[in-house]
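*Asks:* Structure file start29.csv (CSV, C-alpha atoms) is given on the next line.
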chain,number,residue,atom,x,y,z
T,1,MET,CA,-17.8,38.2,-38.5
T,2,ILE,CA,-14.5,37.6,-36.8
T,3,VAL,CA,-12.8,34.2,-37.5
T,4,VAL,CA,-9.4,32.7,-36.6
T,5,ARG,CA,-8.1,30.5,-39.4
T,6,VAL,CA,-5.0,28.7,-40.7
T,7,VAL,CA,-2.8,31.2,-42.6
T,8,GLN,CA,-2.8,31.2,-46.4
T,9,ALA,CA,-0.2,32.3,-48.9
T,10,ASP,CA,-2.1,35.4,-49.9
T,11,ASP,CA,-2.0,36.6,-46.3
T,12,LEU,CA,1.6,37.7,-46.7
T,13,ASP,CA,1.1,41.4,-47.2
T,14,ALA,CA,-1.3,41.7,-44.3
T,15,LEU,CA,1.0,39.8,-42.0
T,16,PHE,CA,4.0,42.0,-43.0
T,17,GLU,CA,2.0,45.1,-42.2
T,18,LEU,CA,0.7,43.7,-38.9
T,19,ALA,CA,4.3,42.7,-37.9
T,20,SER,CA,5.4,46.3,-38.4
T,21,ARG,CA,3.1,47.3,-35.6
T,22,THR,CA,4.4,45.0,-32.8
T,23,GLY,CA,7.2,47.0,-31.2
T,24,ARG,CA,10.3,45.8,-29.4
T,25,GLY,CA,10.7,42.4,-27.8
T,26,MET,CA,8.3,40.5,-30.1
T,27,THR,CA,10.9,38.0,-31.1
T,28,SER,CA,8.8,35.4,-33.0
T,29,PHE,CA,6.9,37.8,-35.3
T,30,LYS,CA,9.1,40.3,-37.1
T,31,PRO,CA,8.4,42.5,-40.2
T,32,ASP,CA,10.6,40.4,-42.5
T,33,ARG,CA,8.9,39.5,-45.8
T,34,ALA,CA,11.3,36.6,-46.6
T,35,ALA,CA,11.0,35.1,-43.2
T,36,LEU,CA,7.2,35.4,-43.2
T,37,THR,CA,7.1,33.7,-46.6
T,38,GLN,CA,9.2,30.8,-45.3
T,39,ARG,CA,7.0,30.6,-42.3
T,40,ILE,CA,3.8,30.3,-44.3
T,41,ASP,CA,5.4,27.6,-46.5
T,42,ARG,CA,6.5,25.8,-43.3
T,43,VAL,CA,2.8,25.7,-42.2
T,44,ARG,CA,1.9,24.1,-45.5
T,45,ARG,CA,4.6,21.5,-45.2
T,46,THR,CA,3.6,20.8,-41.6
T,47,ILE,CA,0.0,20.2,-42.5
T,48,GLU,CA,1.0,18.0,-45.5
T,49,GLY,CA,3.3,16.0,-43.2
T,50,THR,CA,6.5,16.7,-45.1
T,51,ALA,CA,8.2,18.9,-42.5
T,52,PRO,CA,10.5,17.2,-40.0
T,53,LEU,CA,9.5,17.6,-36.3
T,54,GLY,CA,12.0,20.4,-35.6
T,55,GLU,CA,10.5,22.5,-38.3
T,56,GLN,CA,6.8,21.9,-37.7
T,57,GLY,CA,4.7,24.9,-36.8
T,58,TYR,CA,1.2,26.4,-37.3
T,59,LEU,CA,0.3,30.0,-37.9
T,60,PHE,CA,-3.2,31.4,-37.5
T,61,VAL,CA,-4.7,34.7,-38.5
T,62,MET,CA,-7.7,36.6,-37.2
T,63,GLU,CA,-9.8,37.9,-40.1
T,64,ASP,CA,-12.8,40.2,-40.2
T,65,THR,CA,-14.9,38.4,-42.9
T,66,GLU,CA,-16.8,41.6,-43.8
T,67,THR,CA,-13.7,43.7,-44.6
T,68,ARG,CA,-11.3,40.9,-45.3
T,69,ALA,CA,-8.8,42.6,-43.0
T,70,VAL,CA,-6.3,40.6,-41.0
T,71,VAL,CA,-6.2,42.1,-37.5
T,72,GLY,CA,-4.4,39.5,-35.5
T,73,VAL,CA,-2.0,36.6,-35.5
T,74,CYS,CA,-1.0,33.7,-33.2
T,75,ALA,CA,1.1,30.5,-33.6
T,76,LEU,CA,2.0,27.1,-32.3
T,77,GLU,CA,5.5,25.5,-32.7
T,78,ALA,CA,5.3,21.7,-32.5
T,79,ALA,CA,8.7,21.1,-30.8
T,80,VAL,CA,11.3,23.7,-29.9
T,81,GLY,CA,15.0,23.1,-29.6
T,82,MET,CA,15.1,20.2,-32.0
T,83,THR,CA,17.3,21.8,-34.7
T,84,GLN,CA,18.9,24.6,-32.6
T,85,PRO,CA,19.2,24.9,-28.8
T,86,PHE,CA,16.3,26.6,-27.0
T,87,TYR,CA,17.9,28.7,-24.3
T,88,ASN,CA,16.4,29.9,-21.1
T,89,TYR,CA,17.5,30.9,-17.7
T,90,ARG,CA,16.3,28.7,-14.8
T,91,ILE,CA,15.9,30.5,-11.5
T,92,SER,CA,17.4,28.5,-8.7
T,93,THR,CA,18.4,28.9,-5.1
T,94,VAL,CA,21.8,28.4,-3.5
T,95,VAL,CA,22.6,28.5,0.2
T,96,HIS,CA,25.9,29.6,1.7
T,97,ALA,CA,26.4,28.9,5.4
T,98,SER,CA,29.2,28.9,8.0
T,99,ARG,CA,28.7,27.3,11.4
T,100,GLU,CA,31.9,29.0,12.7
T,101,LEU,CA,30.7,32.5,11.8
T,102,ASP,CA,27.0,31.7,12.4
T,103,ILE,CA,26.1,33.0,8.9
T,104,TRP,CA,23.5,31.6,6.7
T,105,THR,CA,22.5,33.2,3.3
T,106,LYS,CA,20.1,32.2,0.6
T,107,MET,CA,20.7,33.6,-2.9
T,108,THR,CA,19.0,33.4,-6.2
T,109,MET,CA,20.9,32.3,-9.3
T,110,LEU,CA,20.2,32.2,-13.0
T,111,ASN,CA,21.4,29.0,-14.8
T,112,ILE,CA,21.4,28.5,-18.5
T,113,SER,CA,18.9,25.8,-19.2
T,114,HIS,CA,17.7,23.5,-22.0
T,115,ASP,CA,14.9,22.1,-19.9
T,116,LEU,CA,12.2,23.1,-22.4
T,117,THR,CA,13.7,21.3,-25.4
T,118,GLY,CA,11.0,19.3,-27.2
T,119,TYR,CA,8.1,21.3,-25.7
T,120,ALA,CA,5.4,22.7,-28.0
T,121,GLU,CA,5.4,26.5,-27.9
T,122,LEU,CA,2.6,29.1,-28.0
T,123,CYS,CA,4.0,32.2,-29.7
T,124,SER,CA,3.6,35.2,-32.0
T,125,LEU,CA,0.4,36.4,-30.4
T,126,PHE,CA,-0.4,39.9,-31.6
T,127,LEU,CA,-3.7,41.7,-32.0
T,128,ALA,CA,-4.0,45.2,-33.7
T,129,PRO,CA,-4.9,47.8,-31.0
T,130,ASP,CA,-8.1,48.8,-32.8
T,131,ALA,CA,-9.3,45.2,-32.8
T,132,ARG,CA,-8.9,44.7,-29.0
T,133,VAL,CA,-12.6,44.6,-28.3
T,134,SER,CA,-15.5,42.2,-27.8
T,135,GLY,CA,-13.4,39.3,-26.7
T,136,ASN,CA,-11.2,39.2,-29.8
T,137,GLY,CA,-8.1,38.9,-27.7
T,138,ALA,CA,-9.4,35.9,-25.8
T,139,LEU,CA,-10.7,34.3,-29.1
T,140,LEU,CA,-7.3,34.8,-30.7
T,141,SER,CA,-5.2,33.4,-27.8
T,142,LYS,CA,-7.5,30.5,-26.9
T,143,SER,CA,-8.0,29.3,-30.5
T,144,ARG,CA,-4.6,27.6,-30.2
T,145,PHE,CA,-5.9,25.5,-27.2
T,146,MET,CA,-8.8,24.4,-29.4
T,147,PHE,CA,-6.3,23.3,-32.0
T,148,LEU,CA,-4.3,21.5,-29.4
T,149,ALA,CA,-7.4,19.7,-28.1
T,150,GLN,CA,-8.5,18.7,-31.5
T,151,PHE,CA,-5.1,17.5,-32.8
T,152,ALA,CA,-3.3,16.4,-29.5
T,153,GLU,CA,-1.6,13.6,-31.3
T,154,ARG,CA,0.5,16.1,-33.3
T,155,PHE,CA,2.1,17.6,-30.2
T,156,PRO,CA,4.4,16.5,-27.3
T,157,PRO,CA,3.0,16.2,-23.8
T,158,ARG,CA,4.1,19.7,-22.6
T,159,ILE,CA,3.7,23.3,-23.9
T,160,CYS,CA,5.4,26.6,-23.0
T,161,ALA,CA,4.9,30.3,-23.8
T,162,GLU,CA,7.5,33.0,-23.5
T,163,MET,CA,6.1,36.3,-22.3
T,164,ARG,CA,7.7,39.5,-23.4
T,165,GLY,CA,9.8,41.0,-20.7
T,166,HIS,CA,9.7,44.4,-19.1
T,167,PHE,CA,10.9,47.5,-20.9
T,168,ASP,CA,11.1,51.0,-19.3
T,169,GLU,CA,9.4,54.1,-20.7
T,170,GLN,CA,12.4,54.7,-22.9
T,171,GLY,CA,12.0,51.3,-24.4
T,172,GLU,CA,15.1,49.9,-22.7
T,173,SER,CA,15.5,46.6,-20.9
T,174,SER,CA,17.4,47.0,-17.6
T,175,PHE,CA,18.1,43.3,-17.5
T,176,TRP,CA,19.7,43.3,-20.9
T,177,SER,CA,21.8,46.4,-20.0
T,178,ALA,CA,23.0,44.6,-16.8
T,179,VAL,CA,23.7,41.1,-18.3
T,180,GLY,CA,23.4,40.5,-22.0
T,181,ALA,CA,24.9,43.8,-23.2
T,182,HIS,CA,28.2,43.0,-21.4
T,183,PHE,CA,28.6,39.6,-23.1
T,184,TYR,CA,27.1,40.0,-26.5
T,185,GLN,CA,28.4,43.5,-27.2
T,186,ILE,CA,25.5,44.3,-29.6
T,187,GLU,CA,22.3,46.1,-29.2
T,188,PHE,CA,19.2,44.3,-27.9
T,189,ASP,CA,17.3,44.7,-31.2
T,190,GLN,CA,20.2,43.1,-33.1
T,191,ALA,CA,20.4,40.1,-30.7
T,192,ASP,CA,16.6,39.8,-30.8
T,193,TYR,CA,16.6,39.9,-34.6
T,194,LEU,CA,19.3,37.3,-35.0
T,195,SER,CA,17.7,35.0,-32.5
T,196,SER,CA,14.3,35.3,-34.2
T,197,HIS,CA,15.8,34.3,-37.5
T,198,GLY,CA,17.4,31.2,-36.2
T,199,LYS,CA,20.9,32.6,-36.0
T,200,LYS,CA,21.6,31.5,-32.5
T,201,SER,CA,25.2,30.4,-32.6
T,202,PHE,CA,26.3,33.7,-31.1
T,203,VAL,CA,24.3,32.9,-28.0
T,204,ALA,CA,26.3,29.8,-27.3
T,205,GLU,CA,29.6,31.5,-28.2
T,206,LEU,CA,29.1,34.6,-26.1
T,207,MET,CA,26.7,33.7,-23.3
T,208,PRO,CA,27.9,33.8,-19.6
T,209,ARG,CA,29.8,30.6,-18.9
T,210,TYR,CA,28.7,30.5,-15.2
T,211,PRO,CA,25.5,31.1,-13.3
T,212,VAL,CA,24.5,34.7,-12.7
T,213,TYR,CA,24.0,35.7,-9.1
T,214,VAL,CA,20.9,37.9,-9.0
T,215,ASP,CA,22.0,39.8,-5.9
T,216,LEU,CA,25.0,41.2,-7.8
T,217,LEU,CA,22.8,42.8,-10.4
T,218,PRO,CA,21.5,46.4,-10.1
T,219,PRO,CA,18.1,46.7,-8.4
T,220,GLU,CA,16.4,47.8,-11.6
T,221,ALA,CA,17.7,44.7,-13.4
T,222,GLN,CA,16.6,42.4,-10.5
T,223,ALA,CA,13.1,44.0,-10.7
T,224,CYS,CA,12.9,42.9,-14.4
T,225,ILE,CA,13.3,39.2,-13.7
T,226,ALA,CA,10.1,37.3,-14.5
T,227,LYS,CA,8.2,40.6,-15.0
T,228,THR,CA,5.8,40.7,-17.9
T,229,HIS,CA,5.7,43.6,-20.4
T,230,LYS,CA,2.7,45.8,-19.7
T,231,ASP,CA,1.3,45.2,-23.2
T,232,THR,CA,1.6,41.4,-22.7
T,233,LEU,CA,-0.1,41.2,-19.3
T,234,PRO,CA,-3.6,40.6,-20.8
T,235,ALA,CA,-2.1,37.7,-22.8
T,236,ARG,CA,-0.5,36.2,-19.7
T,237,THR,CA,-3.8,36.4,-17.8
T,238,LEU,CA,-5.6,34.5,-20.7
T,239,LEU,CA,-3.0,31.8,-20.7
T,240,GLU,CA,-3.1,31.3,-16.9
T,241,ALA,CA,-6.9,31.0,-17.1
T,242,GLU,CA,-6.3,28.0,-19.5
T,243,GLY,CA,-4.0,26.3,-17.0
T,244,MET,CA,-0.5,27.6,-17.8
T,245,ARG,CA,1.8,28.5,-14.9
T,246,PHE,CA,5.2,30.2,-14.3
T,247,GLU,CA,7.7,27.4,-13.4
T,248,ASN,CA,10.9,29.5,-12.8
T,249,HIS,CA,12.2,29.8,-16.4
T,250,ILE,CA,12.8,33.2,-18.0
T,251,ASP,CA,14.0,34.6,-21.3
T,252,ILE,CA,17.8,35.0,-21.6
T,253,PHE,CA,17.6,38.4,-23.2
T,254,ASP,CA,14.8,40.4,-21.4
T,255,ALA,CA,14.1,38.1,-18.5
T,256,GLY,CA,10.4,37.7,-19.4
T,257,PRO,CA,8.6,34.8,-17.7
T,258,VAL,CA,8.0,31.5,-19.4
T,259,LEU,CA,4.6,29.8,-18.7
T,260,GLU,CA,4.3,26.0,-18.9
T,261,SER,CA,1.6,23.3,-18.8
T,262,HIS,CA,0.8,19.7,-19.8
T,263,VAL,CA,-1.3,19.6,-22.9
T,264,ASP,CA,-3.8,17.2,-21.3
T,265,THR,CA,-4.4,19.5,-18.3
T,266,THR,CA,-5.3,22.6,-20.3
T,267,ARG,CA,-8.9,23.7,-19.9
T,268,ALA,CA,-9.7,22.9,-23.6
T,269,ALA,CA,-8.4,19.4,-23.2
T,270,ARG,CA,-10.4,18.8,-20.1
T,271,GLU,CA,-13.6,20.6,-20.8
T,272,SER,CA,-14.2,21.1,-24.5
T,273,LEU,CA,-16.9,18.9,-26.1
T,274,LEU,CA,-17.4,17.5,-29.6
T,275,LEU,CA,-21.0,18.1,-30.5
T,276,PRO,CA,-23.2,17.9,-33.6
T,277,ILE,CA,-24.6,21.1,-35.0
T,278,GLU,CA,-28.2,22.2,-35.6
T,279,LEU,CA,-28.6,25.0,-38.1
T,280,ASP,CA,-31.1,27.6,-37.0
T,281,ASP,CA,-31.0,31.2,-38.2
T,282,SER,CA,-33.3,32.2,-35.3
T,283,ALA,CA,-30.9,30.8,-32.7
T,284,PRO,CA,-31.0,33.2,-29.8
T,285,GLY,CA,-28.0,34.3,-27.7
T,286,ASP,CA,-28.1,33.5,-24.0
T,287,GLY,CA,-25.1,35.7,-23.0
T,288,VAL,CA,-22.7,32.7,-22.5
T,289,ARG,CA,-20.1,33.1,-25.2
T,290,HIS,CA,-18.4,29.9,-26.5
T,291,LEU,CA,-15.4,29.2,-28.6
T,292,VAL,CA,-16.5,27.0,-31.5
T,293,SER,CA,-14.1,25.3,-33.9
T,294,ASN,CA,-14.4,23.0,-36.9
T,295,THR,CA,-12.5,19.7,-36.9
T,296,SER,CA,-10.5,20.3,-40.2
T,297,LEU,CA,-6.7,20.2,-40.1
T,298,THR,CA,-6.2,21.9,-43.5
T,299,ASP,CA,-8.9,24.6,-42.9
T,300,PHE,CA,-9.1,24.9,-39.1
T,301,ARG,CA,-11.3,27.8,-38.0
T,302,VAL,CA,-12.6,29.2,-34.7
T,303,ILE,CA,-15.3,31.7,-34.0
T,304,LEU,CA,-17.2,33.0,-31.0
T,305,VAL,CA,-21.0,32.3,-30.6
T,306,PRO,CA,-23.2,34.0,-28.0
T,307,ARG,CA,-24.9,30.8,-26.8
T,308,ALA,CA,-24.2,27.6,-25.0
T,309,PRO,CA,-24.9,24.0,-26.2
T,310,HIS,CA,-28.3,22.6,-25.4
T,311,SER,CA,-29.6,19.0,-25.3
T,312,GLY,CA,-26.4,17.5,-26.7
T,313,SER,CA,-26.0,19.8,-29.7
T,314,LEU,CA,-25.1,23.4,-30.6
T,315,LYS,CA,-27.3,25.7,-32.7
T,316,LEU,CA,-25.5,27.7,-35.3
T,317,THR,CA,-26.8,30.3,-37.7
T,318,ARG,CA,-26.0,29.9,-41.4
T,319,GLU,CA,-23.5,32.9,-41.1
T,320,GLU,CA,-21.7,31.1,-38.2
T,321,ALA,CA,-21.7,27.8,-40.1
T,322,ARG,CA,-20.3,29.5,-43.2
T,323,ALA,CA,-17.5,31.2,-41.1
T,324,LEU,CA,-16.5,27.7,-40.0
T,325,ASN,CA,-16.8,26.3,-43.6
T,326,LEU,CA,-19.6,24.0,-42.5
T,327,ALA,CA,-22.3,25.3,-44.9
T,328,GLY,CA,-22.3,26.7,-48.4
T,329,ASP,CA,-23.9,29.9,-49.7
T,330,GLY,CA,-27.1,28.1,-50.7
T,331,ALA,CA,-29.7,26.4,-48.5
T,332,ALA,CA,-27.7,24.7,-45.8
T,333,PRO,CA,-28.7,21.1,-44.9
T,334,GLN,CA,-30.3,20.3,-41.6
T,335,LEU,CA,-28.6,18.2,-38.9
T,336,HIS,CA,-30.4,15.0,-39.9
T,337,GLU,CA,-29.2,15.4,-43.5
T,338,GLN,CA,-25.6,16.0,-42.4
T,339,PRO,CA,-25.0,14.0,-39.3
T,340,GLN,CA,-21.2,14.0,-39.6
T,341,ALA,CA,-21.0,17.8,-39.0
T,342,GLN,CA,-19.4,18.3,-35.6
T,343,VAL,CA,-17.8,21.2,-33.8
T,344,ARG,CA,-15.6,21.5,-30.7
T,345,VAL,CA,-17.2,23.8,-28.1
T,346,LEU,CA,-15.7,25.5,-25.0
T,347,SER,CA,-16.9,28.4,-22.9
T,348,LEU,CA,-14.8,31.5,-23.6
T,349,TYR,CA,-14.1,32.0,-19.9
T,350,PRO,CA,-14.3,29.4,-17.0
T,351,LYS,CA,-16.6,31.8,-15.1
T,352,GLU,CA,-19.1,31.8,-18.0
T,353,ARG,CA,-19.8,28.1,-17.8
T,354,LYS,CA,-23.4,27.2,-17.0
Show the structure stored in the file as structure tokens.

*Replies:*
Amino acid sequence: MIVVRVVQADDLDALFELASRTGRGMTSFKPDRAALTQRIDRVRRTIEGTAPLGEQGYLFVMEDTETRAVVGVCALEAAVGMTQPFYNYRISTVVHASRELDIWTKMTMLNISHDLTGYAELCSLFLAPDARVSGNGALLSKSRFMFLAQFAERFPPRICAEMRGHFDEQGESSFWSAVGAHFYQIEFDQADYLSSHGKKSFVAELMPRYPVYVDLLPPEAQACIAKTHKDTLPARTLLEAEGMRFENHIDIFDAGPVLESHVDTTRAARESLLLPIELDDSAPGDGVRHLVSNTSLTDFRVILVPRAPHSGSLKLTREEARALNLAGDGAAPQLHEQPQAQVRVLSLYPKERK
């Protein structure tokens, strides 16, 4: 069975191997063993309540419980920009007009922005190519919204997600070549590496001091602005289905779009239900897939089940209950013997609601 769960210390080797497969532009999940070790420890301190707000973050892995293989990863940062500035470009409009010459022009500008400071951030989403089947991508991405809905008090009112920007067939970013490369005088990968490891002082020291007029950029660079990497398009579609929208912020390096939302307007916050479980090994599937999570902070888990709730409860098989750590290996108790067992339930896709 496929389950998304909170990362553990012994996931380090699997995470390192997974990070080695991500490719360029995956800023927040790099194949760096020391950084991954620190990140896992940061999750532990976050859950224990010992990490300051600016360091709080959660990392989840997707595991195949039969093979014990880790095939995916996703993360939530509690509040960005609290220890180091969180830079974006904000797309704005400026009008130049002359009555005397009867000329009126409207131009697009890019302004350095800290507007997203203090937002929670959805990040580090990656699923191994051979695991991109059977709704796994949707389960991985949307598991974070289930966590947000369950533990909303741990997060600020708003969330954001940076999408990987466009790269050409040669793996180059035309936007970086037209803007960043002139100011930073280093390769994109080096800038991306430094930024992902929290070494962002060079950004403030070398970034353009004034707004960038988009009309002065080469056409291929203009075309990159707010354009999503082809491999990230499915992830963007999933986030937009949950209520996130592009609000004119882009990444300062590759110009990828940033999606935003209020936490309490996400679909999981509005529509998910807390329901008691009913253990039934003969529980049939009805073709309506649902995300199901437990309510544990320290051992949060999410799975997909092929059925909808009925009569105010959700039927789970023993295998499903074990995947959520709601039942042991022996004879599992019935609902009336364990009335406190609850799960959070949400249809996988809005269109699949009954």

*Asks:* At what distance in Å, to one decimal, does CA of Leu279 in chain T lie from CA of Arg5 in chain T?

*Replies:*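 Between CA of Arg5 in chain T and CA of Leu279 in chain T the gap is 21.3 Å.
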
*Asks:* Name the closest residue to Leu324 in chain T among the candidates T:Gly287, T:Pro276, T:Leu304, T:His310; distances are taken between atoms, counting all atoms listed in the file.

*Replies:*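 Once distances to Leu324 in chain T are computed over all atoms listed in the file, the minimum belongs to T:Leu304.
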
*Asks:* How many Å separate CA of Ser124 in chain T from CA of Lys230 in chain T?

*Replies:*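 Distance between the two atoms: 16.3 Å.
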
*Asks:* Which is closer to His229 in chain T than all the others in T:Ala34, T:Val214, T:Ile40, T:Ala255, using all atoms listed in the file?

*Replies:* T:Ala255

*Asks:* Could you jot down the CA of Val71 in chain T to CA of His262 in chain T separation for me, Å, one decimal place?

*Replies:* 29.4 Å

*Asks:* Which neighbours of Asp13 in chain T fall inside 10 Å, counting only C-alpha atoms, when residues of the same chain fewer than 2 positions from it are skipped, and could you give them as a PyMOL selection string?

*Replies:* chain T and resi 9-11+15-19+33+36-37+70

*Asks:* Using all atoms listed in the file, which of the listed residues (T:Phe167, T:Ala283, T:Tyr89, T:Val7) sits closest to Gly57 in chain T?

*Replies:*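 Residue with the minimum atom-to-atom distance to Gly57 in chain T: T:Val7.
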
*Asks:* Is it possible to get the residues within 6 Å of (-20.6, 29.3, -24.0) (coordinates as in the file, counting only C-alpha atoms) written as an NGL selection string?

*Replies:* :T and (288-290 or 307-308 or 347)

*Asks:* Have range 171-196 of chain T completed to N, CA and C atoms, please, and pass it along as an mmCIF file, in the coordinates of the input.

*Replies:*
data_model
loop_
_atom_site.group_PDB
_atom_site.id
_atom_site.type_symbol
_atom_site.label_atom_id
_atom_site.label_comp_id
_atom_site.auth_asym_id
_atom_site.auth_seq_id
_atom_site.Cartn_x
_atom_site.Cartn_y
_atom_site.Cartn_z
ATOM 1 N N GLY T 171 11.914 52.450 -23.595
ATOM 2 C CA GLY T 171 12.000 51.300 -24.400
ATOM 3 C C GLY T 171 13.266 50.448 -24.215
ATOM 4 N N GLU T 172 13.883 50.589 -23.043
ATOM 5 C CA GLU T 172 15.100 49.900 -22.700
ATOM 6 C C GLU T 172 14.835 48.750 -21.723
ATOM 7 N N SER T 173 15.589 47.667 -21.843
ATOM 8 C CA SER T 173 15.500 46.600 -20.900
ATOM 9 C C SER T 173 16.669 46.674 -19.909
ATOM 10 N N SER T 174 16.361 46.912 -18.644
ATOM 11 C CA SER T 174 17.400 47.000 -17.600
ATOM 12 C C SER T 174 18.141 45.695 -17.447
ATOM 13 N N PHE T 175 17.437 44.594 -17.638
ATOM 14 C CA PHE T 175 18.100 43.300 -17.500
ATOM 15 C C PHE T 175 19.103 43.097 -18.623
ATOM 16 N N TRP T 176 18.737 43.442 -19.842
ATOM 17 C CA TRP T 176 19.700 43.300 -20.900
ATOM 18 C C TRP T 176 20.901 44.204 -20.697
ATOM 19 N N SER T 177 20.679 45.425 -20.237
ATOM 20 C CA SER T 177 21.800 46.400 -20.000
ATOM 21 C C SER T 177 22.738 45.818 -18.930
ATOM 22 N N ALA T 178 22.187 45.089 -17.930
ATOM 23 C CA ALA T 178 23.000 44.600 -16.800
ATOM 24 C C ALA T 178 23.683 43.277 -17.113
ATOM 25 N N VAL T 179 23.126 42.490 -18.033
ATOM 26 C CA VAL T 179 23.700 41.100 -18.300
ATOM 27 C C VAL T 179 24.078 40.987 -19.750
ATOM 28 N N GLY T 180 23.121 40.860 -20.626
ATOM 29 C CA GLY T 180 23.400 40.500 -22.000
ATOM 30 C C GLY T 180 24.332 41.484 -22.726
ATOM 31 N N ALA T 181 24.139 42.776 -22.503
ATOM 32 C CA ALA T 181 24.900 43.800 -23.200
ATOM 33 C C ALA T 181 26.432 43.607 -22.959
ATOM 34 N N HIS T 182 26.805 43.146 -21.755
ATOM 35 C CA HIS T 182 28.200 43.000 -21.400
ATOM 36 C C HIS T 182 28.859 41.819 -22.154
ATOM 37 N N PHE T 183 28.069 40.792 -22.445
ATOM 38 C CA PHE T 183 28.600 39.600 -23.100
ATOM 39 C C PHE T 183 28.502 39.599 -24.580
ATOM 40 N N TYR T 184 27.368 40.088 -25.082
ATOM 41 C CA TYR T 184 27.100 40.000 -26.500
ATOM 42 C C TYR T 184 27.669 41.210 -27.288
ATOM 43 N N GLN T 185 27.837 42.342 -26.612
ATOM 44 C CA GLN T 185 28.400 43.500 -27.200
ATOM 45 C C GLN T 185 27.694 44.007 -28.480
ATOM 46 N N ILE T 186 26.392 43.775 -28.510
ATOM 47 C CA ILE T 186 25.500 44.300 -29.600
ATOM 48 C C ILE T 186 24.280 44.847 -28.943
ATOM 49 N N GLU T 187 23.495 45.570 -29.729
ATOM 50 C CA GLU T 187 22.300 46.100 -29.200
ATOM 51 C C GLU T 187 21.209 45.034 -29.048
ATOM 52 N N PHE T 188 20.266 45.272 -28.139
ATOM 53 C CA PHE T 188 19.200 44.300 -27.900
ATOM 54 C C PHE T 188 18.465 43.946 -29.165
ATOM 55 N N ASP T 189 18.103 44.957 -29.962
ATOM 56 C CA ASP T 189 17.300 44.700 -31.200
ATOM 57 C C ASP T 189 18.086 43.794 -32.146
ATOM 58 N N GLN T 190 19.401 43.948 -32.222
ATOM 59 C CA GLN T 190 20.200 43.100 -33.100
ATOM 60 C C GLN T 190 20.209 41.665 -32.611
ATOM 61 N N ALA T 191 20.397 41.494 -31.310
ATOM 62 C CA ALA T 191 20.400 40.100 -30.700
ATOM 63 C C ALA T 191 19.027 39.504 -30.911
ATOM 64 N N ASP T 192 17.978 40.281 -30.687
ATOM 65 C CA ASP T 192 16.600 39.800 -30.800
ATOM 66 C C ASP T 192 16.341 39.388 -32.283
ATOM 67 N N TYR T 193 16.817 40.206 -33.226
ATOM 68 C CA TYR T 193 16.600 39.900 -34.600
ATOM 69 C C TYR T 193 17.330 38.615 -35.041
ATOM 70 N N LEU T 194 18.597 38.478 -34.645
ATOM 71 C CA LEU T 194 19.300 37.300 -35.000
ATOM 72 C C LEU T 194 18.703 36.028 -34.405
ATOM 73 N N SER T 195 18.281 36.121 -33.156
ATOM 74 C CA SER T 195 17.700 35.000 -32.500
ATOM 75 C C SER T 195 16.357 34.584 -33.178
ATOM 76 N N SER T 196 15.553 35.588 -33.558
ATOM 77 C CA SER T 196 14.300 35.300 -34.200
ATOM 78 C C SER T 196 14.400 34.697 -35.554
#
